[in-house]
>>> print(open('model-v4.txt').read())   # compact mmCIF, C-alpha atoms
# COMPACT_ATOMS: atom_id res chain seq x y z
CA MET A 1 39.78 52.67 98.96
CA SER A 2 36.30 52.23 97.44
CA ALA A 3 34.95 50.89 100.72
CA ALA A 4 35.66 54.26 102.27
CA LEU A 5 33.37 56.07 99.83
CA GLU A 6 29.88 57.00 100.84
CA VAL A 7 26.97 58.90 99.38
CA GLY A 8 27.08 62.58 100.29
CA GLN A 9 30.84 62.58 100.71
CA VAL A 10 32.57 65.63 99.22
CA VAL A 11 35.48 64.30 97.19
CA ALA A 12 36.84 67.55 95.81
CA GLU A 13 36.46 71.30 96.14
CA ARG A 14 38.33 73.96 94.21
CA THR A 15 38.14 77.56 93.07
CA TYR A 16 39.25 78.64 89.59
CA THR A 17 39.67 82.09 88.12
CA LEU A 18 38.64 82.40 84.48
CA THR A 19 40.21 85.38 82.72
CA ARG A 20 39.97 86.79 79.21
CA ASP A 21 43.26 84.98 78.61
CA SER A 22 41.52 81.71 79.53
CA LEU A 23 38.81 82.41 76.97
CA VAL A 24 41.24 83.13 74.14
CA ARG A 25 43.30 80.09 75.04
CA TYR A 26 40.18 77.90 75.12
CA ALA A 27 38.96 79.29 71.79
CA GLY A 28 42.21 78.19 70.18
CA ALA A 29 42.34 74.80 71.88
CA SER A 30 38.72 73.93 71.12
CA GLY A 31 38.15 75.61 67.77
CA ASP A 32 35.16 77.56 69.08
CA PHE A 33 35.77 81.09 67.80
CA ASN A 34 32.35 82.57 68.49
CA PRO A 35 33.16 86.30 69.09
CA ILE A 36 30.78 86.50 72.08
CA HIS A 37 33.70 84.97 74.00
CA TYR A 38 36.27 87.66 73.23
CA ARG A 39 34.54 90.81 71.90
CA ASP A 40 32.53 92.97 74.30
CA ASP A 41 30.94 94.96 71.48
CA PHE A 42 29.75 91.81 69.75
CA ALA A 43 28.50 90.24 72.99
CA GLN A 44 26.59 93.40 73.84
CA SER A 45 25.03 93.50 70.37
CA VAL A 46 23.33 90.17 71.14
CA GLY A 47 22.15 91.31 74.58
CA LEU A 48 24.93 90.03 76.83
CA PRO A 49 26.69 92.19 79.44
CA GLY A 50 30.07 91.59 77.78
CA ALA A 51 32.31 88.70 76.75
CA ILE A 52 31.16 85.50 78.43
CA ALA A 53 32.94 82.22 79.10
CA HIS A 54 32.39 79.32 76.70
CA GLY A 55 29.90 76.99 78.37
CA MET A 56 32.23 74.20 77.34
CA LEU A 57 35.15 75.86 79.16
CA THR A 58 33.05 75.96 82.33
CA MET A 59 32.11 72.32 81.80
CA ALA A 60 35.75 71.34 81.20
CA THR A 61 37.06 73.26 84.20
CA ALA A 62 34.37 72.00 86.57
CA ILE A 63 35.40 68.37 86.15
CA GLN A 64 39.11 68.90 86.84
CA PRO A 65 38.85 68.41 90.62
CA VAL A 66 37.13 65.07 89.93
CA VAL A 67 39.87 64.01 87.48
CA ASP A 68 42.53 64.91 90.05
CA TRP A 69 40.65 62.95 92.70
CA LEU A 70 40.42 59.91 90.39
CA GLU A 71 44.16 60.00 89.69
CA GLY A 72 45.20 60.76 93.25
CA ASP A 73 45.89 58.55 96.26
CA SER A 74 42.45 59.19 97.73
CA GLY A 75 40.73 58.07 94.50
CA PRO A 76 38.37 55.10 94.29
CA GLY A 77 40.86 52.68 92.75
CA ALA A 78 43.21 51.82 89.91
CA GLY A 79 42.12 52.65 86.37
CA ALA A 80 39.49 55.11 87.56
CA TRP A 81 38.03 57.12 84.70
CA VAL A 82 35.11 59.31 83.66
CA SER A 83 32.63 57.30 81.59
CA ASP A 84 29.85 59.89 81.34
CA TYR A 85 29.57 63.62 81.98
CA GLN A 86 26.57 65.85 81.47
CA VAL A 87 25.61 69.42 82.31
CA ARG A 88 22.92 71.98 81.61
CA PHE A 89 24.08 75.55 81.06
CA THR A 90 21.79 77.65 83.22
CA ARG A 91 23.48 81.06 83.44
CA PRO A 92 26.16 82.84 81.40
CA ILE A 93 29.42 83.79 83.12
CA ALA A 94 30.50 87.33 82.32
CA VAL A 95 34.29 87.44 82.51
CA ASP A 96 35.50 90.87 83.60
CA ALA A 97 38.42 92.12 81.47
CA GLU A 98 40.43 93.08 84.55
CA THR A 99 39.35 90.80 87.37
CA GLY A 100 38.08 87.74 85.52
CA ALA A 101 35.43 85.48 87.04
CA GLU A 102 35.72 83.16 90.01
CA LEU A 103 34.28 79.69 89.60
CA VAL A 104 33.67 77.61 92.74
CA VAL A 105 33.38 73.86 92.25
CA SER A 106 32.29 71.25 94.75
CA ALA A 107 32.01 67.53 93.90
CA LYS A 108 30.20 65.00 96.03
CA ILE A 109 29.13 61.39 95.69
CA GLY A 110 25.50 61.31 94.58
CA GLN A 111 25.14 57.58 94.08
CA LEU A 112 27.43 54.64 94.73
CA ASP A 113 27.55 51.10 93.34
CA ALA A 114 30.56 49.54 95.06
CA GLU A 115 29.89 46.15 93.47
CA ALA A 116 29.84 47.52 89.93
CA LYS A 117 32.74 49.79 90.90
CA SER A 118 31.07 52.93 89.72
CA ALA A 119 29.65 56.09 91.21
CA ARG A 120 27.81 59.22 90.23
CA VAL A 121 29.50 62.41 91.30
CA ASP A 122 27.35 65.52 91.46
CA LEU A 123 28.95 68.89 90.81
CA THR A 124 27.88 72.20 92.26
CA VAL A 125 29.35 75.05 90.25
CA THR A 126 28.77 78.66 91.22
CA PHE A 127 29.80 82.09 89.99
CA ALA A 128 29.06 85.21 92.04
CA GLY A 129 27.01 83.10 94.44
CA GLN A 130 24.72 81.68 91.74
CA THR A 131 24.66 78.22 90.19
CA VAL A 132 25.81 78.21 86.57
CA LEU A 133 25.49 74.51 85.74
CA GLY A 134 22.39 72.44 86.32
CA LYS A 135 22.21 68.65 86.62
CA ALA A 136 26.01 68.48 86.43
CA GLN A 137 26.66 64.77 86.84
CA VAL A 138 29.77 62.70 86.34
CA ARG A 139 29.72 58.93 86.08
CA VAL A 140 33.02 57.43 87.22
CA ALA A 141 34.16 53.81 87.07
CA TRP A 142 37.21 51.97 88.34
CA ALA A 143 38.81 48.57 88.03
CA MET B 1 34.20 63.24 56.28
CA ALA B 2 37.82 62.24 56.93
CA PRO B 3 38.58 60.77 60.36
CA TYR B 4 39.87 63.10 63.08
CA LEU B 5 43.39 62.15 64.18
CA VAL B 6 43.83 62.89 67.88
CA GLY B 7 47.27 64.47 68.30
CA ARG B 8 49.31 64.31 71.49
CA GLU B 9 50.04 68.03 71.49
CA LYS B 10 46.38 68.87 70.79
CA VAL B 11 45.40 66.83 73.85
CA ARG B 12 48.02 68.62 75.94
CA GLU B 13 47.01 72.03 74.57
CA PHE B 14 43.37 71.30 75.40
CA ALA B 15 44.31 70.05 78.87
CA ARG B 16 46.34 73.17 79.62
CA ALA B 17 43.53 75.40 78.33
CA THR B 18 41.07 73.79 80.74
CA ALA B 19 43.05 74.03 83.98
CA SER B 20 43.95 70.36 83.88
CA THR B 21 46.77 69.09 86.05
CA SER B 22 46.14 65.47 85.04
CA ARG B 23 49.39 63.58 84.57
CA LEU B 24 47.59 61.11 82.28
CA SER B 25 46.64 63.99 79.95
CA LEU B 26 49.94 65.87 80.12
CA ASP B 27 52.68 63.27 80.54
CA PRO B 28 53.02 60.44 77.98
CA GLU B 29 55.25 58.45 80.36
CA ALA B 30 52.66 58.60 83.14
CA ALA B 31 49.96 57.58 80.66
CA ARG B 32 52.01 54.60 79.47
CA ALA B 33 52.78 53.57 83.04
CA ALA B 34 49.01 53.49 83.63
CA GLY B 35 48.51 51.20 80.65
CA TYR B 36 47.50 53.69 77.96
CA SER B 37 49.32 53.91 74.62
CA ASP B 38 49.67 57.71 74.89
CA VAL B 39 48.20 60.72 76.70
CA VAL B 40 44.54 60.43 77.70
CA ALA B 41 42.22 63.19 76.50
CA PRO B 42 40.28 65.14 79.17
CA PRO B 43 36.59 64.15 79.51
CA THR B 44 35.28 67.00 77.34
CA PHE B 45 37.90 66.67 74.58
CA ALA B 46 35.35 65.02 72.28
CA VAL B 47 33.91 68.51 71.78
CA VAL B 48 36.89 69.30 69.55
CA VAL B 49 35.81 66.52 67.21
CA GLN B 50 32.14 67.38 67.61
CA GLU B 51 32.87 71.02 66.77
CA HIS B 52 33.86 69.96 63.26
CA THR B 53 30.61 68.13 62.63
CA LEU B 54 28.45 70.79 64.30
CA GLN B 55 30.01 73.49 62.14
CA GLN B 56 28.83 71.53 59.13
CA LEU B 57 25.29 71.52 60.46
CA LEU B 58 25.30 75.19 61.43
CA SER B 59 26.90 76.37 58.21
CA ALA B 60 24.85 74.25 55.83
CA PRO B 61 23.21 76.71 53.41
CA ASP B 62 19.76 75.21 53.99
CA ALA B 63 20.03 75.13 57.80
CA GLY B 64 18.89 78.75 58.07
CA ILE B 65 20.71 79.12 61.39
CA ASP B 66 22.27 82.43 62.43
CA PHE B 67 25.42 81.40 64.32
CA SER B 68 25.31 84.48 66.55
CA ARG B 69 21.89 83.42 67.87
CA VAL B 70 22.94 79.97 68.98
CA VAL B 71 23.11 79.33 72.74
CA HIS B 72 24.36 76.07 74.22
CA GLY B 73 21.66 74.46 76.36
CA ASP B 74 22.87 71.02 77.40
CA GLN B 75 25.89 68.85 76.77
CA ARG B 76 26.65 65.23 77.49
CA PHE B 77 29.48 62.81 76.71
CA SER B 78 28.97 59.06 77.07
CA TYR B 79 32.15 57.06 76.72
CA THR B 80 32.83 53.39 76.09
CA ARG B 81 36.53 54.07 76.61
CA PRO B 82 38.67 57.20 77.01
CA ILE B 83 40.05 58.95 73.93
CA VAL B 84 43.82 58.49 73.67
CA ALA B 85 46.30 60.35 71.44
CA GLY B 86 46.72 58.41 68.20
CA ASP B 87 43.02 57.58 67.94
CA GLU B 88 41.41 58.18 64.56
CA LEU B 89 37.79 59.03 65.18
CA THR B 90 34.99 59.12 62.67
CA ALA B 91 32.00 61.15 63.83
CA THR B 92 28.50 60.79 62.49
CA LEU B 93 26.14 63.61 63.33
CA THR B 94 22.42 63.01 63.69
CA VAL B 95 19.80 65.60 64.50
CA ALA B 96 17.82 63.74 67.14
CA SER B 97 15.08 66.31 67.65
CA VAL B 98 13.98 69.83 66.80
CA LYS B 99 11.46 71.60 69.00
CA SER B 100 9.96 75.07 68.83
CA LEU B 101 9.42 76.91 72.10
CA GLY B 102 8.04 80.44 72.10
CA GLY B 103 9.92 81.64 69.03
CA HIS B 104 13.07 79.74 69.91
CA SER B 105 14.17 76.46 68.40
CA MET B 106 15.82 73.69 70.38
CA VAL B 107 17.99 71.38 68.33
CA THR B 108 19.39 68.21 69.85
CA ALA B 109 22.34 66.83 67.88
CA GLU B 110 24.16 63.57 68.52
CA SER B 111 27.70 62.83 67.32
CA VAL B 112 28.63 59.15 67.51
CA MET B 113 32.39 58.65 67.35
CA LEU B 114 33.96 55.36 66.31
CA ASP B 115 37.61 54.30 66.11
CA THR B 116 39.28 52.71 63.07
CA ALA B 117 38.14 49.26 64.21
CA GLY B 118 34.56 50.53 64.09
CA GLU B 119 34.26 50.31 67.88
CA HIS B 120 32.27 52.92 69.76
CA VAL B 121 34.37 55.43 71.70
CA VAL B 122 32.02 58.25 72.67
CA THR B 123 28.69 59.81 71.88
CA ALA B 124 28.46 63.58 72.30
CA ILE B 125 24.97 65.00 72.69
CA SER B 126 24.32 68.72 72.43
CA THR B 127 21.17 70.72 72.76
CA LEU B 128 21.45 74.08 71.07
CA VAL B 129 18.94 76.85 71.50
CA VAL B 130 18.54 79.06 68.46
CA ARG B 131 16.98 82.29 69.61
CA GLY B 132 14.25 83.76 67.46
CA ASP B 133 13.95 87.42 66.45
CA GLU B 134 13.47 89.68 69.48
>>> encode(input="model-v4.txt", output="C-alpha cells")
Amino acid sequence: MSAALEVGQVVAERTYTLTRDSLVRYAGASGDFNPIHYRDDFAQSVGLPGAIAHGMLTMATAIQPVVDWLEGDSGPGAGAWVSDYQVRFTRPIAVDAETGAELVVSAKIGQLDAEAKSARVDLTVTFAGQTVLGKAQVRVAWA
Amino acid sequence: MAPYLVGREKVREFARATASTSRLSLDPEAARAAGYSDVVAPPTFAVVVQEHTLQQLLSAPDAGIDFSRVVHGDQRFSYTRPIVAGDELTATLTVASVKSLGGHSMVTAESVMLDTAGEHVVTAISTLVVRGDE
C-alpha cells in the first residue's frame, strides 16, 4: 500500500467535459449565481469571450480523480482523506455552448512522508493545451 | 449569523454537480461502513458555507465592491476533519489583507468554520481580485 508510493508517481489521470449544463448545475449546487457563468452577453460586457466555468467548479472537478484514488483499492490506506487543497486560477475556461470544454487532469505525488502517513499530490490541469490552475496542491493523509 | 446545517441531499447535490463518483459522498451506507456518521462532503464543499459569508462582505453597503468586477484569484481549504452531513458550522469571516496593484485590489478573506462543540473543522481562504475601471 503506502510503501508502494513514490515521488513522481502518477496516481490518477482523467478527462472531463464541462458543458453549459455543468455550469448551471454547479451554480445551483454552490449558490454562486454570477451571470458570467451562464450569460454570454453579460460575460462579453465584462471583456470575456463568453460564459466561463466557475473557477470553483474547475477546482472541484480537478480533485475528483484524487478522491477516487484515495477511496479505491490502489489508494494509500484506510481512512485516506484530503486535509488541504489549494489552487491559483490562472486562466478562464470558456465553455462553448455546443461542444463544452475539455478538462485534462493529471495527479502525481509531489512529496511523500510515509512515516507521518501523508503526501502532497500535485495536479496538472489543462484546457485547450494550456494550464488553467497554478500551484494546484492536495495534501492527503491516511491512517 | 446562524450556523449552517450541512444537509445530506445538499452534499449529494454538490457531489453530483462536481463529477464526483465518491461512494463516501453519495452513499450514506458506504459512509457509515467507513466510520462516518453520514455522507462525507467533497473537499471543496466548504465553499457553499463560505459563499454565504462572502456575500455579506461583497454586498455590504460600505464595501464599495462591484460584484461583476470580482475575479477569483486563489482558493485554499485547510481541514482538521472532513465535513459530514449533520454538521452545524459557524463561519467567521476575516479580511486578512487588502492590496492595491495597478488599479486592481486584491482582497484576501479567511472563513474559519467551527462545529457546535467549538472545534475547528476547516478554514477557507480566498483571494479575490477586484478589477478597477478600464
>>> closest_atom_pairs(input="model-v4.txt", of="chain B", to="chain A", cutoff="8 Å", atoms="all atoms listed in the file", output="CSV")
residue,atom,partner,partner_atom,distance
B:Lys10,CA,A:Ala29,CA,7.3
B:Glu13,CA,A:Ala29,CA,6.1
B:Phe14,CA,A:Ala29,CA,5.1
B:Ala17,CA,A:Tyr26,CA,5.3
B:Thr18,CA,A:Thr61,CA,5.3
B:Ala19,CA,A:Thr61,CA,6.0
B:Ser20,CA,A:Gln64,CA,5.9
B:Thr21,CA,A:Asp68,CA,7.2
B:Ser22,CA,A:Asp68,CA,6.2
B:Ala34,CA,A:Gly79,CA,7.5
B:Pro42,CA,A:Ala60,CA,7.9
B:Pro43,CA,A:Val82,CA,6.5
B:Thr44,CA,A:Ala60,CA,5.8
B:Val47,CA,A:Ser30,CA,7.3
B:Val48,CA,A:Ser30,CA,5.2
B:Glu51,CA,A:Gly31,CA,7.1
B:Ser68,CA,A:Asn34,CA,7.5
B:Arg69,CA,A:Val46,CA,7.6
B:His72,CA,A:Phe89,CA,6.9
B:Gly73,CA,A:Phe89,CA,5.4
B:Asp74,CA,A:Arg88,CA,4.3
B:Gln75,CA,A:Val87,CA,5.6
B:Arg76,CA,A:Gln86,CA,4.0
B:Phe77,CA,A:Tyr85,CA,5.3
B:Ser78,CA,A:Asp84,CA,4.4
B:Tyr79,CA,A:Ser83,CA,4.9
B:Thr80,CA,A:Ser83,CA,6.8
B:Arg81,CA,A:Ser83,CA,7.1
B:Pro82,CA,A:Ser83,CA,7.6
>>> atom_distance(input="model-v4.txt", atom1="CA of Gln111 in chain A", atom2="CA of Arg14 in chain A")
21.0 Å
>>> residues_near_point(input="model-v4.txt", point="(26.9, 54.3, 92.5)", cutoff="10 Å", atoms="all atoms listed in the file", output="number ranges by chain")
A: 5-7, 109-121, 139-141
>>> atom_distance(input="model-v4.txt", atom1="CA of Ala97 in chain A", atom2="CA of Arg12 in chain B")
26.0 Å
>>> atom_distance(input="model-v4.txt", atom1="CA of Ala53 in chain A", atom2="CA of Val104 in chain A")
14.4 Å
>>> residues_near_point(input="model-v4.txt", point="(25.8, 63.6, 73.8)", cutoff="6 Å", atoms="all atoms listed in the file", output="list in words")
Arg76, Phe77, Glu110, Thr123, Ala124, Ile125 and Ser126 of chain B
>>> closest_residue(input="model-v4.txt", among="B:Val84, B:Val70, B:Val130, B:Ala2", to="Ser37 in chain B", atoms="all atoms listed in the file")
B:Val84
>>> residues_around(input="model-v4.txt", residues="Ser97 in chain B", least_positions_apart="4", cutoff="8 Å", atoms="all atoms listed in the file", output="number ranges by chain")
B: 106-109
>>> closest_residue(input="model-v4.txt", among="B:Val95, B:Val40, B:Met113, B:Ala30", to="Ala15 in chain B", atoms="all atoms listed in the file")
B:Val40
>>> closest_residue(input="model-v4.txt", among="A:Ile52, A:Ala143, A:Ile93, A:Ala12", to="Leu123 in chain A", atoms="all atoms listed in the file")
A:Ala12
>>> closest_residue(input="model-v4.txt", among="B:Ala117, B:Val11, B:Val112, B:Ala33", to="Gln50 in chain B", atoms="all atoms listed in the file")
B:Val112
